[in-house]
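*Asks:* Okay, handing you the structure first.
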Amino acid sequence: MVHPAERDDVGDSGDIPMLPLLTTEDRYRLLAENASDIVYQTDGLAIEWISPSVTTLLGWKPDELAGMPASTIVSPNQDRSWMESNRTLLLSGADVTQEMLLIGSDGEERWFSGRARPLSRNGVAVGGFMVGLHDIHEEVLTRRALLHSERMYRSAIENAGVGIALLTPSGSIIEANDSLCDYLGRGSDELVALGWRAVTHPDDIAEEESLLMRLQEGQIDSFRRTKRYIRSDGEIVHGDLTVAAARDDDGTLLLLTKQVVDITEQTESRARLTDLATIDPLTLLANRASILSELQTALAARRRDPDNSGQLECVGLLFVDLDNFKLINDSMGHAAGDSLLTTVAGRLRSDLGSDAVVGRFGGDEFLVVVPAPADESTLEAFAQRVSSSLSDNLSVHGRRVVMRASIGASLSQPESTAASLLQDADVALSQAKREGKAGWRIFNLGMASAAIRRLVVEGELREALERSEFVVHYQPVFRLGDNTRSGFEALVRWAHPREGLLAPDQFLQVAEDSGLVVGIGYGVLRRVCDDIAQNPTLTDTFAVNVSAVQLHDPQWLSSVLETIAESGVDPARLVIELTETAVMSGRETLSDDLAALRAIGVEIHVDDFGTGYSSISLLRDLPISGLKLDRSFVVTLDQGNESGYALAEGLASLTRSIGLVGVAEGIETPVQAALLRAMGWSHGQGWLFGKAAPLETWLR
């Protein structure tokens, strides 16, 4: 035979019984020709006859192989050293089996298991062989892949730089690699005998075993925790532990793998740093953790006041937030901002002295702990001292800076904690900001109720977005020269299911504080674009307001462009209105975003001009196409306010000189309209021309 065997552990599905030559050859050939395996007979070393299945399995035609050496179908990549020895065995009358790599007519290789027996007549060998070949290609590939995987897995465990242990589903250690043994200072056999629990810190056992139980029950497949372990010498080491489960296809747990990364050095270094980290590195004030600890200490040290029915004395807290600090960072750079924070910290430390403890809460926020006994007059005095400390001109990198602060203050109650007192001060700070910044407010229960109300409104706003309860009303904009309408300003209203139609001043601040104004703004823009598209006979422009919160959304520009494209409206019909403050607090890429809108024809107007903190350079550096005079300049025009008149007239001249569209807001009387027209304002808006109303009102 050409394919003698070296192995005897292969299945016999391809066996050919050792029988004398059949007397009825047709019956034998019928059996062989219908077999799924390949069967062939040799005369010496040449193929005398081969079954048709060779075509199905290897692509050869039987007549192509007849008379050819049997080695023709053996791959050249097959080691053939076994051929001669197996042929000798066959000639001696022995059966042989062999795995071999065969080659098809197209050059493709496949693994087969062969079983050969010598041919005999009347018990005498006649020099030929009968061979059966069974396709085991997929079995061989699977076996080799598994062997390779096992070798790789074994190598990975043995050579891993982290500790690895294999455990039974019940948690008994099966094997531990050298890295884990070195980490714990124990041998592999010792770890197997001791078990994982014995080397785990007692305080960490309960949590780990609880997680292991969840893993064993199939609730989780892995978990990761920081743990402590005990070396053989008693030293406690720290490890980053990851536990993973290996399961079969039915989800039955087969094996647990525990991997431990030694983080002892990092943990100890972190602990040392934590012990030292009580000072803010920039301002050298107490940092957040330290100042809150000081607050808690002050609360714990309160004594009972015999003059006040034995009530606990009060501790005070001031929450100080620098107004418009972001403008410093944006206009002068973060280095200038850091310098300003350092200067402010130095002033607070110097001016408040030992009367209070000052700390940096984070960013541009500071806390001042006023020890007991304190009352409202004490808090007001400290708030005044903080304001006075910042009122003197500050110099940052050689430039004069005027800095103000909003302050929220709170007094402790008998049940107060550091967290609750801080929360009260934060509520008061928010109130101070809403009232115009650069001032202070002391917390009272009314503020708490207002805070709760804001939470309720926020929740209702979220539901309103989901239910599409926001509608758009339009206020007309008129040309002052010929008193004809040129466009509209879109103004959002909330169709509240219980309270009716709500104006923006009843919900917009909460929407901005919560970030929900982003979704509301996108909805308004979509509604405006749809209204333009549905009324092709209208030639008016439509102005849409955009808040500072929306400008901070990185998707703002792409959303605007997408909305315009989807609606198919002419971009030149749209006006984006931004307040001065919104522009100044926008993202660094805002100028590029606005330029992209101007490039497709969208107009950009600065709203409420004259009330923000910007400079004239805003009109020079940004692609602004229009300016809207704030109504505060308009309402006093017919009341003899000379300074207001002069400012309005000066802004009109500025607007004309740089080629901007000028729109005056809040016009309520014909006299105001006439004065503004005489100054040079080209457009006007206000109740004189019409209040905001649904678009249908203006289509009649």
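Ordering of the structure tokens sets the chain letters (A, B, ...); residue numbers start at 1 within each chain; ligands are numbered from 1 in the order shown.
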Just list as a PyMOL selection string whatever in range 592-689 of chain A DSSP marks as helix (DSSP H, G or I).

*Replies:* chain A and resi 592-599+617-621+631-634+637-639+642-657+670-679

*Asks:* DSSP on the backbone, then: every residue of range 143-237 of chain A marked strand (DSSP E or B), written as a PyMOL selection string.

*Replies:* chain A and resi 163-167+173-176+200+222-230+236-237

*Asks:* Generate a file of the selected residues that holds N, CA and C atoms, formatted as a CSV table (one decimal), in the first residue's frame.

*Replies:*
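again02.csv written:
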chain,number,residue,atom,x,y,z
A,163,GLY,N,-0.4,38.4,38.3
A,163,GLY,CA,-0.8,37.1,39.0
A,163,GLY,C,-2.1,36.6,38.4
A,164,ILE,N,-2.1,35.2,38.1
A,164,ILE,CA,-3.3,34.6,37.6
A,164,ILE,C,-3.5,33.3,38.3
A,165,ALA,N,-4.7,33.0,38.6
A,165,ALA,CA,-5.1,31.7,39.3
A,165,ALA,C,-6.3,31.2,38.6
A,166,LEU,N,-6.3,29.9,38.4
A,166,LEU,CA,-7.5,29.2,37.9
A,166,LEU,C,-8.2,28.5,39.0
A,167,LEU,N,-9.5,28.6,39.1
A,167,LEU,CA,-10.3,28.1,40.3
A,167,LEU,C,-11.4,27.3,39.8
A,173,ILE,N,-8.6,26.7,44.4
A,173,ILE,CA,-7.5,27.0,43.5
A,173,ILE,C,-7.1,25.7,42.8
A,174,ILE,N,-7.0,25.7,41.5
A,174,ILE,CA,-6.5,24.6,40.7
A,174,ILE,C,-5.0,24.9,40.4
A,175,GLU,N,-4.7,26.1,40.0
A,175,GLU,CA,-3.4,26.4,39.5
A,175,GLU,C,-3.1,27.9,39.8
A,176,ALA,N,-1.9,28.2,40.1
A,176,ALA,CA,-1.4,29.6,40.2
A,176,ALA,C,-0.1,29.8,39.5
A,200,THR,N,-6.6,36.4,51.6
A,200,THR,CA,-7.4,37.7,51.4
A,200,THR,C,-7.5,38.4,52.7
A,222,SER,N,-18.4,38.8,35.3
A,222,SER,CA,-17.1,39.2,35.7
A,222,SER,C,-17.3,40.4,36.7
A,223,PHE,N,-16.3,40.7,37.5
A,223,PHE,CA,-16.2,41.9,38.3
A,223,PHE,C,-14.8,42.3,38.6
A,224,ARG,N,-14.6,43.5,39.0
A,224,ARG,CA,-13.3,44.1,39.2
A,224,ARG,C,-13.3,44.9,40.5
A,225,ARG,N,-12.4,44.7,41.3
A,225,ARG,CA,-12.4,45.4,42.6
A,225,ARG,C,-10.9,45.6,43.0
A,226,THR,N,-10.7,46.6,43.9
A,226,THR,CA,-9.4,46.7,44.5
A,226,THR,C,-9.4,46.0,45.8
A,227,LYS,N,-8.4,45.1,46.0
A,227,LYS,CA,-8.4,44.3,47.2
A,227,LYS,C,-7.0,44.3,47.9
A,228,ARG,N,-7.1,43.8,49.1
A,228,ARG,CA,-5.8,43.7,49.9
A,228,ARG,C,-5.6,42.2,50.2
A,229,TYR,N,-4.3,41.8,50.1
A,229,TYR,CA,-3.9,40.4,50.3
A,229,TYR,C,-2.8,40.3,51.3
A,230,ILE,N,-2.6,39.2,52.0
A,230,ILE,CA,-1.6,39.0,53.0
A,230,ILE,C,-0.5,38.0,52.5
A,236,ILE,N,0.9,43.4,54.1
A,236,ILE,CA,-0.3,43.6,53.3
A,236,ILE,C,0.0,44.3,52.0
A,237,VAL,N,-0.5,43.6,50.9
A,237,VAL,CA,-0.2,44.2,49.6
A,237,VAL,C,-1.6,44.5,49.0

*Asks:* Measuring between only C-alpha atoms, which one of A:Gln98, A:Glu268, A:Ala70, A:Arg144 shows the shortest distance to Gln41 in chain A?

*Replies:*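 Closest to Gln41 in chain A of all the choices is A:Ala70.
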
*Asks:* In Å to one decimal, how far is CA of Leu58 in chain A from CA of Glu109 in chain A?

*Replies:*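 Calculated distance between CA of Glu109 in chain A and CA of Leu58 in chain A is 8.5 Å.
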
*Asks:* Within 8 Å of range 669-683 of chain A, counting only C-alpha atoms, which residues show up once you throw out same-chain ones fewer than 3 positions away? Write them as a list of chain:residue names, please.

*Replies:*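 The residues that qualify are A:Val477, A:Phe478, A:Arg479, A:Leu480, A:Gly481, A:Val634, A:Val635, A:Leu637, A:Asp638, A:Ala648, A:Glu649, A:Ala652, A:Ser653, A:Arg656, A:Val661, A:Gly662, A:Val663, A:Ala664, A:Leu688.
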